[in-house]
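Working notes, structure below.
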Number of protein chains: 2
Amino acid sequence: MSCKTILAKEISASFREEIKATIKSRGIKPKLVGFLANEDPAAIKYAESTSKTCEETGVIFELRKCNREQLEDLIVEANEDDSVHGIMVYYPVFGDRQDQYLQNVVSVSKDVEGLCHKYIYNMYHNNRFLDEKQTKKCIIPCTPLAIVKVLEYIGVYNPVLPYGDRLHGRIITIINRSEIVGRPLAALLANDGGKVYSVDINNIQEFHRGTGLRLRKHEVQDTNLKLEDILPLSDVVITGVPTPSYKVPTALLRDGAVTINFSAFKNFEDNVKEKASIYVPAVGKVTIAMLERNLLRLYDYRSF
Amino acid sequence: MSCKTILAKEISASFREEIKATIKSRGIKPKLVGFLANEDPAAIKYAESTSKTCEETGVIFELRKCNREQLEDLIVEANEDDSVHGIMVYYPVFGDRQDQYLQNVVSVSKDVEGLCHKYIYNMYHNNRFLDEKQTKKCIIPCTPLAIVKVLEYIGVYNPVLPYGDRLHGRIITIINRSEIVGRPLAALLANDGGKVYSVDINNIQEFHRGTGLRLRKHEVQDTNLKLEDILPLSDVVITGVPTPSYKVPTALLRDGAVTINFSAFKNFEDNVKEKASIYVPAVGKVTIAMLERNLLRLYDYRSF
């Protein structure tokens, strides 16, 4: 089998080292506060890995447990506390639109997860900077950003092409269209020049910037395509289906496809390596590195 | 338009610099002899550029004009002359099977063009080294090798994948199946893991190493496919049709395709840049750099 398995640990190593070196050489003490207001085992596990990685790299991480009724006030308090540089919340909290409200309670200047309206709006509109002089890059949601970094690391972005167009010519399927990962990721990759098929239980949408990248930002079209139409065409297949039973049929993959799973469950069949050229089984460690990277950015933006 | 035009001059620059630096630092005087036994203007032009590039990089280039009846004896004489390290012939000479005979008159140890049977056989069989210890790499024909280097430079080879498999997942169309360029190139790219459609006036063949690269070397299959079937699927389209009238229809290209022309005529339409992500209009300068690179290899192999 010629498939190469690439682990998130390897991909995140250079980011972790860079963050660690920056913190050490500048002698700074960036502080991240995480709010845990649920008993979700996945959230608890994520909080534990975040804590461990922060300790290794020199970020001060403080996990604050609370009940969900207290959460809004505690976020406001952290917004006003100058010793706190970044705030994150382990979602779901209420599991409905109130969570989206909470995402906007977090101050723009401390939103390490990039989930407030300003960042989300800029991302969908392909506005890459916060300021006109283009000195302050926008904050991008951590998991979509992590997957961009994975794609850069494994050679899917072509560095020969101009920045912003480096996915031109790539056909990418994303099986997941959540508001936190799948939909923003489809927009990011289409804004970078890719043709993206976004799959959810209802239909398949196409995100693209048109022939020859004539559009400045992506547009979205509903299609009547099925998985069996798009998988044989896709250079890259990215999955995030949160159930253990879901599997992408290996038989439908293009030979030499790049396969990336960000679900907590294995969304590819065991024989995927007989056909794929690259298999990335998980991205969690890269996500945490991006969380820290966003924190350092926000730390620096304070003093602008 | 987002298409990036990349010139052979840019691609060959680092090779030229490396060759120049090697020759200077080692104080060596590698000598290449070119035999011109025809009046073909393309051959004369190629000889002139070779002469110019050799002078710049420090290679001694001697052009020997002769009539075609003398050629065989002169090659034998150069084979036996220790001051000559590389020999090339400007084909066509007789324009028939006798040219293939002449390619085998050139000594294996001086065949900078990689056209003798031993090198061609090794190339088709994916044998990359001349010796068991794998210290002496085989000589690869200059133009196919140049196109491999172009593909590496412009990001089509994925350096994350293992050496020998770096085209896994790429679909490449080559319009030209000459014995000097198109057919060896199809074999080289398929041996490196690509799925290659080789087009000539009679049919389209597929060169590949099978699903998951299960084969050690490529196999070839005739197909009933037409250009309109394969161009929309192809990540890369490489053309070498020696007529001014032939044009690849831009409408059939996949959006974001990589396009490379090695013909002396423009085989792509003027609007190719409205759809392609990368356009390489010519490869000649890279071919000459590979000629010099092969010469330096053969120079070193003498002393093994």
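So you can find residues: chains in the structure tokens are A, B, ... in the order shown, residues in each start at 1, and ligands are numbered from 1 in order.
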
Would you pick out the contacts of B:Asn294 at 10 Å or less, using only C-alpha atoms, so that residues sharing its chain but fewer than 6 positions from it are not included, and give the list as a ChimeraX atom specification?
/B:86,110-114,137-142,288,300

Tell me the residues of chain A close to chain B, meaning within 7 Å using only C-alpha atoms, as a PyMOL selection string.
chain A and resi 1-2+4+154-155+158+160-161+168-169+211-214+255-257+274-277

So that I have them on file, write out the residues from the current selection with N, CA and C atoms, as a PDB file, in the first residue's frame.
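Contents of out.pdb, as written:
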```pdb
ATOM      1  N   MET A   1       0.845  -1.199   0.000  1.00  0.00           N
ATOM      2  CA  MET A   1       0.000   0.000   0.000  1.00  0.00           C
ATOM      3  C   MET A   1       0.872   1.238   0.000  1.00  0.00           C
ATOM      4  N   SER A   2       0.494   2.183  -0.833  1.00  0.00           N
ATOM      5  CA  SER A   2       1.353   3.355  -0.952  1.00  0.00           C
ATOM      6  C   SER A   2       0.775   4.548  -0.206  1.00  0.00           C
ATOM      7  N   LYS A   4       0.054   7.252   2.547  1.00  0.00           N
ATOM      8  CA  LYS A   4       0.838   7.801   3.656  1.00  0.00           C
ATOM      9  C   LYS A   4      -0.106   8.340   4.726  1.00  0.00           C
ATOM     10  N   ILE A 154       0.198  19.102   3.732  1.00  0.00           N
ATOM     11  CA  ILE A 154       0.242  17.884   2.921  1.00  0.00           C
ATOM     12  C   ILE A 154       0.253  18.169   1.424  1.00  0.00           C
ATOM     13  N   GLY A 155       0.484  19.424   1.043  1.00  0.00           N
ATOM     14  CA  GLY A 155       0.737  19.715  -0.368  1.00  0.00           C
ATOM     15  C   GLY A 155      -0.490  19.942  -1.228  1.00  0.00           C
ATOM     16  N   ASN A 158      -1.098  24.930  -3.408  1.00  0.00           N
ATOM     17  CA  ASN A 158       0.078  25.046  -4.274  1.00  0.00           C
ATOM     18  C   ASN A 158       0.767  26.398  -4.031  1.00  0.00           C
ATOM     19  N   VAL A 160       3.135  27.804  -5.360  1.00  0.00           N
ATOM     20  CA  VAL A 160       3.557  28.517  -6.567  1.00  0.00           C
ATOM     21  C   VAL A 160       2.485  29.529  -7.008  1.00  0.00           C
ATOM     22  N   LEU A 161       1.236  29.225  -6.699  1.00  0.00           N
ATOM     23  CA  LEU A 161       0.145  30.141  -7.068  1.00  0.00           C
ATOM     24  C   LEU A 161       0.096  31.316  -6.099  1.00  0.00           C
ATOM     25  N   HIS A 168      -6.689  26.783  -6.558  1.00  0.00           N
ATOM     26  CA  HIS A 168      -7.272  26.814  -7.900  1.00  0.00           C
ATOM     27  C   HIS A 168      -7.014  25.476  -8.600  1.00  0.00           C
ATOM     28  N   GLY A 169      -8.095  24.865  -9.083  1.00  0.00           N
ATOM     29  CA  GLY A 169      -7.966  23.577  -9.766  1.00  0.00           C
ATOM     30  C   GLY A 169      -8.276  22.373  -8.885  1.00  0.00           C
ATOM     31  N   THR A 211     -15.349  30.167 -13.058  1.00  0.00           N
ATOM     32  CA  THR A 211     -14.286  29.831 -14.003  1.00  0.00           C
ATOM     33  C   THR A 211     -13.177  30.882 -13.949  1.00  0.00           C
ATOM     34  N   GLY A 212     -11.949  30.410 -13.846  1.00  0.00           N
ATOM     35  CA  GLY A 212     -10.812  31.328 -13.816  1.00  0.00           C
ATOM     36  C   GLY A 212     -10.812  32.238 -12.598  1.00  0.00           C
ATOM     37  N   LEU A 213     -11.544  31.830 -11.540  1.00  0.00           N
ATOM     38  CA  LEU A 213     -11.625  32.601 -10.294  1.00  0.00           C
ATOM     39  C   LEU A 213     -12.051  34.041 -10.555  1.00  0.00           C
ATOM     40  N   ARG A 214     -13.071  34.206 -11.386  1.00  0.00           N
ATOM     41  CA  ARG A 214     -13.472  35.560 -11.752  1.00  0.00           C
ATOM     42  C   ARG A 214     -14.140  36.308 -10.596  1.00  0.00           C
ATOM     43  N   ASP A 255      -8.785   7.321  -7.240  1.00  0.00           N
ATOM     44  CA  ASP A 255      -7.501   6.735  -6.873  1.00  0.00           C
ATOM     45  C   ASP A 255      -6.510   7.862  -6.565  1.00  0.00           C
ATOM     46  N   GLY A 256      -5.853   7.744  -5.410  1.00  0.00           N
ATOM     47  CA  GLY A 256      -4.890   8.768  -5.011  1.00  0.00           C
ATOM     48  C   GLY A 256      -5.515   9.957  -4.314  1.00  0.00           C
ATOM     49  N   ALA A 257      -6.773   9.841  -3.904  1.00  0.00           N
ATOM     50  CA  ALA A 257      -7.430  10.949  -3.194  1.00  0.00           C
ATOM     51  C   ALA A 257      -6.719  11.230  -1.871  1.00  0.00           C
ATOM     52  N   GLU A 274      -5.976   1.564   0.764  1.00  0.00           N
ATOM     53  CA  GLU A 274      -5.702   0.852  -0.491  1.00  0.00           C
ATOM     54  C   GLU A 274      -5.893   1.771  -1.697  1.00  0.00           C
ATOM     55  N   LYS A 275      -6.535   2.909  -1.487  1.00  0.00           N
ATOM     56  CA  LYS A 275      -6.839   3.784  -2.616  1.00  0.00           C
ATOM     57  C   LYS A 275      -6.327   5.216  -2.425  1.00  0.00           C
ATOM     58  N   ALA A 276      -6.358   5.713  -1.213  1.00  0.00           N
ATOM     59  CA  ALA A 276      -5.951   7.099  -0.963  1.00  0.00           C
ATOM     60  C   ALA A 276      -4.437   7.248  -1.093  1.00  0.00           C
ATOM     61  N   SER A 277      -3.982   8.473  -1.381  1.00  0.00           N
ATOM     62  CA  SER A 277      -2.538   8.730  -1.354  1.00  0.00           C
ATOM     63  C   SER A 277      -2.110   9.226   0.020  1.00  0.00           C
TER      64      SER A 277
END
```

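What separates atom CA of A:Asn267 from atom CA of A:Gln100 is a distance of 27.4 Å.
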
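Note that DSSP on the backbone gives helix (DSSP H, G or I) to these residues of stretch 103-158 of chain B: Gln103, Asn104, Val105, Val108, Ser109, Lys110, His117, Lys118, Tyr119, Ile120, Tyr121, Asn122, Met123, Tyr124, Cys142, Thr143, Pro144, Leu145, Ala146, Ile147, Val148, Lys149, Val150, Leu151, Glu152 and Tyr153 of chain B.
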
Show which residues sit within 8 Å of B:Ile147, as a list in words. Count only C-alpha atoms, and ignore same-chain residues fewer than 2 positions away.
Thr143, Pro144, Leu145, Lys149, Val150, Leu151, Leu185, Val283 and Val286 of chain B

Would you please extract all strand (DSSP E or B) residues from stretch 56-268 of chain B, as assigned by DSSP on the backbone, and give them as an MDAnalysis selection string?
chainID B and resid 60:65 86:89 111 129 137 171:175 195:199 204:208 219:223 236:239 248 258:261 268

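Using only C-alpha atoms, the nearest neighbour of B:Asn122 within the list B:Glu152, B:Thr173, B:Thr135, B:Ala187 is B:Ala187.
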
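Separating atom CA of B:Phe61 from atom CA of B:Cys116 is a distance of 20.9 Å.
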
Which residues are close to A:Leu102, i.e. within 10 Å by only C-alpha atoms, leaving aside same-chain residues fewer than 2 positions away? Reply as a PyMOL selection string.
chain A and resi 71-72+75+89+91+93-94+97-100+104-106+115-116

Output the selection as a PDB file, in the first residue's frame - N, CA, C and O atoms for each residue.
```pdb
ATOM      1  N   LEU A  71     -23.104  31.866  32.890  1.00  0.00           N
ATOM      2  CA  LEU A  71     -22.066  32.010  31.857  1.00  0.00           C
ATOM      3  C   LEU A  71     -21.962  33.420  31.257  1.00  0.00           C
ATOM      4  O   LEU A  71     -20.873  33.995  31.170  1.00  0.00           O
ATOM      5  N   GLU A  72     -23.107  34.009  30.886  1.00  0.00           N
ATOM      6  CA  GLU A  72     -23.051  35.315  30.230  1.00  0.00           C
ATOM      7  C   GLU A  72     -22.342  36.352  31.095  1.00  0.00           C
ATOM      8  O   GLU A  72     -21.457  37.077  30.617  1.00  0.00           O
ATOM      9  N   ILE A  75     -18.601  35.749  31.201  1.00  0.00           N
ATOM     10  CA  ILE A  75     -17.915  36.176  29.960  1.00  0.00           C
ATOM     11  C   ILE A  75     -17.700  37.684  29.973  1.00  0.00           C
ATOM     12  O   ILE A  75     -16.595  38.185  29.693  1.00  0.00           O
ATOM     13  N   VAL A  89     -15.400  29.221  24.835  1.00  0.00           N
ATOM     14  CA  VAL A  89     -16.520  28.563  25.515  1.00  0.00           C
ATOM     15  C   VAL A  89     -16.664  27.165  24.917  1.00  0.00           C
ATOM     16  O   VAL A  89     -16.564  27.009  23.690  1.00  0.00           O
ATOM     17  N   TYR A  91     -18.822  24.682  23.637  1.00  0.00           N
ATOM     18  CA  TYR A  91     -20.200  24.482  23.156  1.00  0.00           C
ATOM     19  C   TYR A  91     -20.452  23.002  22.936  1.00  0.00           C
ATOM     20  O   TYR A  91     -19.501  22.255  22.728  1.00  0.00           O
ATOM     21  N   VAL A  93     -23.797  24.836  24.819  1.00  0.00           N
ATOM     22  CA  VAL A  93     -24.188  25.243  26.168  1.00  0.00           C
ATOM     23  C   VAL A  93     -25.704  25.062  26.294  1.00  0.00           C
ATOM     24  O   VAL A  93     -26.176  24.176  27.014  1.00  0.00           O
ATOM     25  N   PHE A  94     -26.439  25.861  25.518  1.00  0.00           N
ATOM     26  CA  PHE A  94     -27.893  25.656  25.503  1.00  0.00           C
ATOM     27  C   PHE A  94     -28.293  24.758  24.324  1.00  0.00           C
ATOM     28  O   PHE A  94     -29.369  24.182  24.300  1.00  0.00           O
ATOM     29  N   ARG A  97     -30.222  28.600  19.563  1.00  0.00           N
ATOM     30  CA  ARG A  97     -29.755  29.899  19.083  1.00  0.00           C
ATOM     31  C   ARG A  97     -29.116  30.743  20.175  1.00  0.00           C
ATOM     32  O   ARG A  97     -28.385  31.698  19.889  1.00  0.00           O
ATOM     33  N   GLN A  98     -29.399  30.387  21.422  1.00  0.00           N
ATOM     34  CA  GLN A  98     -28.785  31.139  22.516  1.00  0.00           C
ATOM     35  C   GLN A  98     -27.251  30.977  22.507  1.00  0.00           C
ATOM     36  O   GLN A  98     -26.526  31.872  22.949  1.00  0.00           O
ATOM     37  N   ASP A  99     -26.762  29.851  21.989  1.00  0.00           N
ATOM     38  CA  ASP A  99     -25.311  29.660  21.883  1.00  0.00           C
ATOM     39  C   ASP A  99     -24.708  30.676  20.922  1.00  0.00           C
ATOM     40  O   ASP A  99     -23.619  31.203  21.149  1.00  0.00           O
ATOM     41  N   GLN A 100     -25.452  30.959  19.837  1.00  0.00           N
ATOM     42  CA  GLN A 100     -24.979  31.935  18.871  1.00  0.00           C
ATOM     43  C   GLN A 100     -24.944  33.337  19.502  1.00  0.00           C
ATOM     44  O   GLN A 100     -24.035  34.129  19.252  1.00  0.00           O
ATOM     45  N   ASN A 104     -21.476  36.000  20.487  1.00  0.00           N
ATOM     46  CA  ASN A 104     -21.331  37.436  20.267  1.00  0.00           C
ATOM     47  C   ASN A 104     -21.177  38.246  21.553  1.00  0.00           C
ATOM     48  O   ASN A 104     -20.877  39.430  21.492  1.00  0.00           O
ATOM     49  N   VAL A 105     -21.348  37.569  22.674  1.00  0.00           N
ATOM     50  CA  VAL A 105     -21.069  38.234  23.957  1.00  0.00           C
ATOM     51  C   VAL A 105     -19.550  38.336  24.156  1.00  0.00           C
ATOM     52  O   VAL A 105     -19.044  39.316  24.700  1.00  0.00           O
ATOM     53  N   VAL A 106     -18.825  37.334  23.677  1.00  0.00           N
ATOM     54  CA  VAL A 106     -17.355  37.375  23.787  1.00  0.00           C
ATOM     55  C   VAL A 106     -16.843  38.590  23.004  1.00  0.00           C
ATOM     56  O   VAL A 106     -17.227  38.805  21.849  1.00  0.00           O
ATOM     57  N   LEU A 115     -15.546  33.108  16.454  1.00  0.00           N
ATOM     58  CA  LEU A 115     -16.952  32.756  16.223  1.00  0.00           C
ATOM     59  C   LEU A 115     -17.917  33.939  16.317  1.00  0.00           C
ATOM     60  O   LEU A 115     -19.111  33.790  16.068  1.00  0.00           O
ATOM     61  N   CYS A 116     -17.426  35.136  16.669  1.00  0.00           N
ATOM     62  CA  CYS A 116     -18.328  36.285  16.733  1.00  0.00           C
ATOM     63  C   CYS A 116     -18.667  36.755  15.313  1.00  0.00           C
ATOM     64  O   CYS A 116     -17.982  36.407  14.350  1.00  0.00           O
TER      65      CYS A 116
END
```

One decimal, Å: what's the distance from atom CA of B:Ser107 over to atom CA of B:Gly34, could you say?
13.9 Å

Skip B:Leu225 itself and residues of its chain fewer than 4 positions away, then list as JSON, numbers by chain all residues within 10 Å of it, counting only C-alpha atoms.
{"B": [197, 199, 203, 204, 205, 206, 229, 230]}

Those residues with N, CA and C atoms, as a short mmCIF file (atom, residue, chain, number, x, y, z; two decimals), in the first residue's frame please?
```
data_model
loop_
_atom_site.label_atom_id
_atom_site.label_comp_id
_atom_site.auth_asym_id
_atom_site.auth_seq_id
_atom_site.Cartn_x
_atom_site.Cartn_y
_atom_site.Cartn_z
N TYR B 197 -2.97 9.94 -19.53
CA TYR B 197 -3.59 9.68 -20.83
C TYR B 197 -2.62 10.16 -21.91
N VAL B 199 -2.01 10.77 -25.78
CA VAL B 199 -2.85 11.00 -26.95
C VAL B 199 -1.99 11.07 -28.20
N ASN B 203 -5.14 7.07 -31.27
CA ASN B 203 -5.99 6.72 -30.12
C ASN B 203 -5.46 7.35 -28.83
N ILE B 204 -6.11 7.00 -27.74
CA ILE B 204 -5.68 7.46 -26.42
C ILE B 204 -5.35 6.23 -25.59
N GLN B 205 -4.13 6.22 -25.04
CA GLN B 205 -3.73 5.12 -24.16
C GLN B 205 -3.68 5.61 -22.73
N GLU B 206 -3.91 4.68 -21.80
CA GLU B 206 -3.77 5.02 -20.38
C GLU B 206 -2.54 4.31 -19.82
N ASP B 229 -13.51 13.35 -23.37
CA ASP B 229 -13.72 12.57 -22.15
C ASP B 229 -12.63 12.86 -21.12
N ILE B 230 -11.41 13.04 -21.58
CA ILE B 230 -10.28 13.07 -20.63
C ILE B 230 -9.86 14.48 -20.23
#
```

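For the set B:Leu130, B:Leu252, B:Ala8, B:Ile120, the residue with the smallest atom-to-atom gap to B:Arg183 is B:Ile120, counting only C-alpha atoms.
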